[in-house]
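Data block below; observations after.
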Amino acid sequence: MIQLPEQGELSAVAAKSMAQHIAFSPYIFQATAALKDLGILQFIDKNRRKGVLLNDIVDAVKVSEYGVSVLLDFALTCGLITVTHEENEPKGLSRYRITKVAFFLLHDEMSVVNFDFTQHFAYQGLANLTESIKTGKPEGLKMFGDWPTLYPHLPELPDKTRASWFAFDHFYSDHAFDEILPLVFASKPKHIVDIGGNTGRFSTKCLQHDSEVQVTIMDLPPQLAKAQQNIDQAGLSERFHAFPCDMLDPNQVLAADADVYWMSQFLDCFSEPQIQVILSNIAKGISAGQKVLILETFWDAQKFDAAAFSLNATSLYFTCFANGNSRMYAADKFKALVTASGLIIEQQIDNIGLGHSLLVCSKAAK
């Protein structure tokens with residue numbers, strides 16, 4: 001479990017410094033984006049052992065000395081680069097090297113995915129966060145279209161924006177899939193229903209894992225079309241079934257005869273009342289012998305502060321872009337929704353993948 005910061009922990013000087021970082025955080029982000037887009041950080045990184053001179057950077061990236069130097073001066077104060085004055089260099093010449101922070105921004109997959117998602121998808125629309133909080137609607141979507149919610153319109157996003165969104169979405173789900181498959185198949189299911197299966201990545205994993213299992217995805221028609229395309233390309237369509245649905249319909253029926261009903265980071269896309277509708281439909285539609293497996297990332301069940309921070313930031317993405325009323329949930333609040341729906345939680349398995357938790361559920365006895 002993460003340890004929340006205590007009030008009064010920082011000194012006045014440190015707190016004031018942090019306040020300036022918050023006040024100028026858009027500058028920090030945009031300067032970092034410029035340093036990456038222009039290839040400045042990459043060039044310094046490539047020559048990080050020896051370090052590089054200002055003129056070397058100017059020549060390499062084909063940007064004016066002014067442009068490079070103004071970014072480097074700011075990067076120094078942001079902790080992205082360091083500067084050293086070598087004894088054998090002419091007086092006044094400095095060599096630049098990247099810090100560990102910049103190294104992770106360039107090479108750590110989670111940092112790269114988070115940064116690209118913010119830069120290409122979320123940055124401009126976040127200016128509408130206050131309005132989204134007031135209205136309960138995803139006001140940030142105005143950047144892309146006059147849409148009430150995001151997910152039915154994912155195929156309409158610009159190419160780079162869509163690619164960054166899917167990279168973000170898949171990064172946090174896919175890292176858990178290989179680890180979770182033995183748990184899903186422990187009971188030797190013959191038919192798995194993937195509720196909210198999106199582009200079919202988990203369903204594809206299941207079909208590849210077991211040559212006899214049948215898999216059905218329940219989702220909106222645009223998502224099903226993409227999932228069908230991906231599964232066709234993988235040569236697995238003979239054991240795949242598409243089930244168009246709207247899980248927010250209180251009268252929605254389930255695909256029948258499944259051993260396991262699976263949801264991966266699906267329910268955090270909805271508000272508490274909507275989760276109750278979905279789970280209540282599932283509880284009504286299953287029998288005593290069927291299992292419901294729910295994979296989620298609970299922000300308060302993380303081992304590292306950075307993970308909890310990222311998840312709570314993702315909640316603001318849901319607020320501003322997805323639908324205006326969903327979030328990453330705390331474990332106890334989410335589990336209360338599960339039990340209130342008519343399901344019982346038989347087991348909770350934490351620390352799967354990048355901090356996922358698996359809830360193994362079944363129908364509550366009457």
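Identifiers in this document derive from the order of the structure tokens: chains are assigned A, B, ..., residues are numbered from 1 separately in each chain, and ligands are numbered from 1 in order of occurrence.
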
Leaving out region 43-55 of chain A and any residue of its chain fewer than 6 positions from it, which residues lie within 12 Å of it when counting only C-alpha atoms, given as an MDAnalysis selection string? chainID A and resid 35:37 61:73 80:86 89:90 92:107

Do a neighbour search on Asp350 (chain A) at 12 Å with only C-alpha atoms, toss out local chain neighbours closer than 4 positions, and write the hits as a list of chain:residue names.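 Close residues of Asp350 (chain A): A:Met1, A:Ala176, A:Glu179, A:Ile180, A:Ile294, A:Leu295, A:Glu296, A:Thr297, A:Phe298, A:Trp299, A:Asp300, A:Ala301, A:Gln302, A:Lys303, A:Ala331, A:Leu354, A:Gly355, A:His356, A:Ser357, A:Leu358, A:Leu359, A:Val360.
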
Name the closest residue to Leu248 (chain A) among the candidates A:Ile28, A:Leu337, A:Val277, A:Met263; distances are taken between atoms, counting only C-alpha atoms. A:Val277

Extract the full set of alpha helix (DSSP H) residues from region 111-267 of chain A according to DSSP on the backbone, and format it as number ranges by chain. A: 111-117, 129-135, 159-184, 201-209, 221-233

In terms of the shortest atom-to-atom distance over only C-alpha atoms, which of A:Thr32, A:Asn230, A:Thr161, A:Gln124 is closest to Gly79 (chain A)? A:Thr32

Spatial neighbours of Ser315 (chain A), 8 Å, only C-alpha atoms, chain gap at least 6 places, as an NGL selection string: :A and (326-328)

Apply DSSP to the structure's backbone, then extract all residues of region 240-294 of chain A labelled strand (DSSP E) and return them as a ChimeraX atom specification. /A:240-244,260-264,291-294

Could you take the residues named above and write them with N, CA and C atoms, as a PDB file, in the first residue's frame?
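Written file, again.pdb:
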ATOM      1  N   PHE A 240     -14.050 -17.458 -32.513  1.00  0.00           N
ATOM      2  CA  PHE A 240     -14.406 -16.136 -32.001  1.00  0.00           C
ATOM      3  C   PHE A 240     -15.846 -15.787 -32.374  1.00  0.00           C
ATOM      4  N   HIS A 241     -16.526 -15.108 -31.441  1.00  0.00           N
ATOM      5  CA  HIS A 241     -17.911 -14.700 -31.662  1.00  0.00           C
ATOM      6  C   HIS A 241     -18.072 -13.242 -31.200  1.00  0.00           C
ATOM      7  N   ALA A 242     -18.753 -12.459 -32.007  1.00  0.00           N
ATOM      8  CA  ALA A 242     -19.026 -11.055 -31.663  1.00  0.00           C
ATOM      9  C   ALA A 242     -20.456 -10.929 -31.152  1.00  0.00           C
ATOM     10  N   PHE A 243     -20.621 -10.180 -30.068  1.00  0.00           N
ATOM     11  CA  PHE A 243     -21.939 -10.010 -29.449  1.00  0.00           C
ATOM     12  C   PHE A 243     -22.169  -8.508 -29.235  1.00  0.00           C
ATOM     13  N   PRO A 244     -22.794  -7.818 -30.201  1.00  0.00           N
ATOM     14  CA  PRO A 244     -23.038  -6.375 -30.046  1.00  0.00           C
ATOM     15  C   PRO A 244     -23.940  -6.110 -28.849  1.00  0.00           C
ATOM     16  N   VAL A 260     -16.604 -18.365 -17.905  1.00  0.00           N
ATOM     17  CA  VAL A 260     -15.985 -17.190 -17.297  1.00  0.00           C
ATOM     18  C   VAL A 260     -16.468 -15.938 -18.022  1.00  0.00           C
ATOM     19  N   TYR A 261     -16.900 -14.971 -17.247  1.00  0.00           N
ATOM     20  CA  TYR A 261     -17.171 -13.629 -17.767  1.00  0.00           C
ATOM     21  C   TYR A 261     -16.031 -12.734 -17.292  1.00  0.00           C
ATOM     22  N   TRP A 262     -15.341 -12.122 -18.244  1.00  0.00           N
ATOM     23  CA  TRP A 262     -14.094 -11.415 -17.985  1.00  0.00           C
ATOM     24  C   TRP A 262     -14.245  -9.928 -18.280  1.00  0.00           C
ATOM     25  N   MET A 263     -13.691  -9.095 -17.393  1.00  0.00           N
ATOM     26  CA  MET A 263     -13.632  -7.650 -17.627  1.00  0.00           C
ATOM     27  C   MET A 263     -12.260  -7.141 -17.223  1.00  0.00           C
ATOM     28  N   SER A 264     -11.554  -6.513 -18.163  1.00  0.00           N
ATOM     29  CA  SER A 264     -10.226  -5.970 -17.889  1.00  0.00           C
ATOM     30  C   SER A 264     -10.250  -4.461 -18.034  1.00  0.00           C
ATOM     31  N   LYS A 291     -18.154 -18.004 -13.243  1.00  0.00           N
ATOM     32  CA  LYS A 291     -17.270 -17.072 -12.555  1.00  0.00           C
ATOM     33  C   LYS A 291     -17.230 -15.730 -13.293  1.00  0.00           C
ATOM     34  N   VAL A 292     -17.046 -14.685 -12.517  1.00  0.00           N
ATOM     35  CA  VAL A 292     -16.838 -13.339 -13.050  1.00  0.00           C
ATOM     36  C   VAL A 292     -15.464 -12.886 -12.582  1.00  0.00           C
ATOM     37  N   LEU A 293     -14.571 -12.614 -13.532  1.00  0.00           N
ATOM     38  CA  LEU A 293     -13.217 -12.179 -13.208  1.00  0.00           C
ATOM     39  C   LEU A 293     -13.076 -10.715 -13.604  1.00  0.00           C
ATOM     40  N   ILE A 294     -12.676  -9.893 -12.648  1.00  0.00           N
ATOM     41  CA  ILE A 294     -12.559  -8.442 -12.862  1.00  0.00           C
ATOM     42  C   ILE A 294     -11.121  -8.024 -12.602  1.00  0.00           C
TER      43      ILE A 294
END

Mind pulling up the distance from CA of Ala75 (chain A) to CA of Ala31 (chain A)? 7.6 Å

Tell me which protein, DNA and RNA residues are within 9 Å of region 140-145 of chain A, counting only C-alpha atoms, leaving out same-chain ones fewer than 5 positions away, and put them as number ranges by chain. A: 122, 124-129, 131-132, 150, 153, 156-158, 317, 319-322

Would you output that residue set with N, CA and C atoms, as an mmCIF file, in the first residue's frame?
data_model
loop_
_atom_site.group_PDB
_atom_site.id
_atom_site.type_symbol
_atom_site.label_atom_id
_atom_site.label_comp_id
_atom_site.auth_asym_id
_atom_site.auth_seq_id
_atom_site.Cartn_x
_atom_site.Cartn_y
_atom_site.Cartn_z
ATOM 1 N N ALA A 122 -4.032 14.555 -24.728
ATOM 2 C CA ALA A 122 -4.728 15.198 -23.616
ATOM 3 C C ALA A 122 -4.391 16.662 -23.365
ATOM 4 N N GLN A 124 -4.071 19.797 -24.726
ATOM 5 C CA GLN A 124 -4.902 20.969 -25.000
ATOM 6 C C GLN A 124 -6.274 20.851 -24.353
ATOM 7 N N GLY A 125 -6.863 19.686 -24.436
ATOM 8 C CA GLY A 125 -8.206 19.506 -23.902
ATOM 9 C C GLY A 125 -8.293 19.636 -22.400
ATOM 10 N N LEU A 126 -7.174 19.415 -21.692
ATOM 11 C CA LEU A 126 -7.184 19.533 -20.229
ATOM 12 C C LEU A 126 -7.516 20.944 -19.760
ATOM 13 N N ALA A 127 -7.404 21.917 -20.656
ATOM 14 C CA ALA A 127 -7.811 23.278 -20.291
ATOM 15 C C ALA A 127 -9.293 23.342 -19.935
ATOM 16 N N ASN A 128 -10.055 22.316 -20.319
ATOM 17 C CA ASN A 128 -11.492 22.269 -20.044
ATOM 18 C C ASN A 128 -11.828 21.450 -18.799
ATOM 19 N N LEU A 129 -10.811 21.105 -17.991
ATOM 20 C CA LEU A 129 -11.059 20.255 -16.823
ATOM 21 C C LEU A 129 -12.035 20.901 -15.840
ATOM 22 N N GLU A 131 -14.423 22.985 -16.352
ATOM 23 C CA GLU A 131 -15.780 22.906 -16.880
ATOM 24 C C GLU A 131 -16.322 21.478 -16.788
ATOM 25 N N SER A 132 -15.455 20.489 -17.006
ATOM 26 C CA SER A 132 -15.886 19.096 -16.882
ATOM 27 C C SER A 132 -16.292 18.773 -15.450
ATOM 28 N N LEU A 150 -16.196 9.444 -25.467
ATOM 29 C CA LEU A 150 -15.047 9.183 -26.330
ATOM 30 C C LEU A 150 -15.122 7.855 -27.072
ATOM 31 N N HIS A 153 -16.067 6.864 -30.626
ATOM 32 C CA HIS A 153 -15.448 7.689 -31.657
ATOM 33 C C HIS A 153 -13.932 7.505 -31.743
ATOM 34 N N GLU A 156 -12.232 7.677 -35.055
ATOM 35 C CA GLU A 156 -12.254 8.962 -35.740
ATOM 36 C C GLU A 156 -11.130 9.907 -35.300
ATOM 37 N N LEU A 157 -10.371 9.526 -34.291
ATOM 38 C CA LEU A 157 -9.282 10.376 -33.832
ATOM 39 C C LEU A 157 -8.202 10.485 -34.903
ATOM 40 N N PRO A 158 -7.457 11.610 -34.951
ATOM 41 C CA PRO A 158 -6.310 11.705 -35.869
ATOM 42 C C PRO A 158 -5.316 10.582 -35.601
ATOM 43 N N TYR A 317 -8.228 12.205 -16.732
ATOM 44 C CA TYR A 317 -8.488 11.917 -18.144
ATOM 45 C C TYR A 317 -9.936 11.459 -18.325
ATOM 46 N N THR A 319 -12.424 12.144 -16.445
ATOM 47 C CA THR A 319 -13.289 13.289 -16.188
ATOM 48 C C THR A 319 -13.396 14.190 -17.403
ATOM 49 N N CYS A 320 -12.257 14.490 -18.006
ATOM 50 C CA CYS A 320 -12.194 15.527 -19.030
ATOM 51 C C CYS A 320 -12.452 14.996 -20.435
ATOM 52 N N PHE A 321 -12.222 13.703 -20.665
ATOM 53 C CA PHE A 321 -12.288 13.185 -22.033
ATOM 54 C C PHE A 321 -13.206 11.977 -22.218
ATOM 55 N N ALA A 322 -13.191 11.043 -21.281
ATOM 56 C CA ALA A 322 -13.881 9.775 -21.529
ATOM 57 C C ALA A 322 -15.393 9.934 -21.457
#

Would you pick out the contacts of Ile192 (chain A) at 8 Å or less, using only C-alpha atoms, so that residues sharing its chain but fewer than 3 positions from it are not included, and give the list as a PyMOL selection string? chain A and resi 189+213-216+258-262

Find the residues around Lys226 (chain A) up to 9 Å (only C-alpha atoms counted), leave out those fewer than 2 positions away in its own chain, and share them as a PDB file with N, CA, C and O atoms, in the first residue's frame.
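Okay, part.pdb is ready:
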ATOM      1  N   PRO A 155     -12.151   5.430 -33.428  1.00  0.00           N
ATOM      2  CA  PRO A 155     -11.632   5.308 -34.809  1.00  0.00           C
ATOM      3  C   PRO A 155     -11.547   6.632 -35.556  1.00  0.00           C
ATOM      4  O   PRO A 155     -10.845   6.729 -36.567  1.00  0.00           O
ATOM      5  N   ASN A 198     -12.917  -4.361 -26.368  1.00  0.00           N
ATOM      6  CA  ASN A 198     -12.201  -3.321 -27.119  1.00  0.00           C
ATOM      7  C   ASN A 198     -11.633  -3.894 -28.424  1.00  0.00           C
ATOM      8  O   ASN A 198     -12.384  -4.420 -29.229  1.00  0.00           O
ATOM      9  N   THR A 199     -10.336  -3.814 -28.643  1.00  0.00           N
ATOM     10  CA  THR A 199      -9.759  -4.237 -29.918  1.00  0.00           C
ATOM     11  C   THR A 199      -9.429  -5.725 -29.964  1.00  0.00           C
ATOM     12  O   THR A 199      -8.861  -6.210 -30.938  1.00  0.00           O
ATOM     13  N   GLY A 200      -9.778  -6.462 -28.908  1.00  0.00           N
ATOM     14  CA  GLY A 200      -9.618  -7.905 -28.932  1.00  0.00           C
ATOM     15  C   GLY A 200      -8.264  -8.434 -28.515  1.00  0.00           C
ATOM     16  O   GLY A 200      -7.953  -9.609 -28.756  1.00  0.00           O
ATOM     17  N   PRO A 221     -20.689  -1.853 -31.311  1.00  0.00           N
ATOM     18  CA  PRO A 221     -20.373  -2.285 -32.682  1.00  0.00           C
ATOM     19  C   PRO A 221     -19.060  -1.745 -33.245  1.00  0.00           C
ATOM     20  O   PRO A 221     -18.318  -2.518 -33.886  1.00  0.00           O
ATOM     21  N   PRO A 222     -18.693  -0.443 -33.052  1.00  0.00           N
ATOM     22  CA  PRO A 222     -17.412   0.013 -33.624  1.00  0.00           C
ATOM     23  C   PRO A 222     -16.207  -0.727 -33.054  1.00  0.00           C
ATOM     24  O   PRO A 222     -15.255  -1.042 -33.783  1.00  0.00           O
ATOM     25  N   GLN A 223     -16.234  -1.022 -31.736  1.00  0.00           N
ATOM     26  CA  GLN A 223     -15.139  -1.771 -31.129  1.00  0.00           C
ATOM     27  C   GLN A 223     -15.122  -3.215 -31.628  1.00  0.00           C
ATOM     28  O   GLN A 223     -14.057  -3.799 -31.869  1.00  0.00           O
ATOM     29  N   LEU A 224     -16.311  -3.800 -31.791  1.00  0.00           N
ATOM     30  CA  LEU A 224     -16.377  -5.180 -32.276  1.00  0.00           C
ATOM     31  C   LEU A 224     -15.820  -5.311 -33.692  1.00  0.00           C
ATOM     32  O   LEU A 224     -15.169  -6.309 -34.022  1.00  0.00           O
ATOM     33  N   GLN A 228     -12.909  -7.829 -34.526  1.00  0.00           N
ATOM     34  CA  GLN A 228     -13.092  -8.869 -35.535  1.00  0.00           C
ATOM     35  C   GLN A 228     -11.967  -8.817 -36.567  1.00  0.00           C
ATOM     36  O   GLN A 228     -11.421  -9.849 -36.965  1.00  0.00           O
ATOM     37  N   GLN A 229     -11.620  -7.609 -36.989  1.00  0.00           N
ATOM     38  CA  GLN A 229     -10.542  -7.438 -37.965  1.00  0.00           C
ATOM     39  C   GLN A 229      -9.222  -7.973 -37.424  1.00  0.00           C
ATOM     40  O   GLN A 229      -8.496  -8.702 -38.120  1.00  0.00           O
ATOM     41  N   ASN A 230      -8.901  -7.622 -36.177  1.00  0.00           N
ATOM     42  CA  ASN A 230      -7.637  -8.066 -35.579  1.00  0.00           C
ATOM     43  C   ASN A 230      -7.592  -9.583 -35.406  1.00  0.00           C
ATOM     44  O   ASN A 230      -6.554 -10.223 -35.638  1.00  0.00           O
ATOM     45  N   ILE A 231      -8.706 -10.158 -34.983  1.00  0.00           N
ATOM     46  CA  ILE A 231      -8.737 -11.610 -34.756  1.00  0.00           C
ATOM     47  C   ILE A 231      -8.725 -12.363 -36.080  1.00  0.00           C
ATOM     48  O   ILE A 231      -8.120 -13.436 -36.195  1.00  0.00           O
TER      49      ILE A 231
END
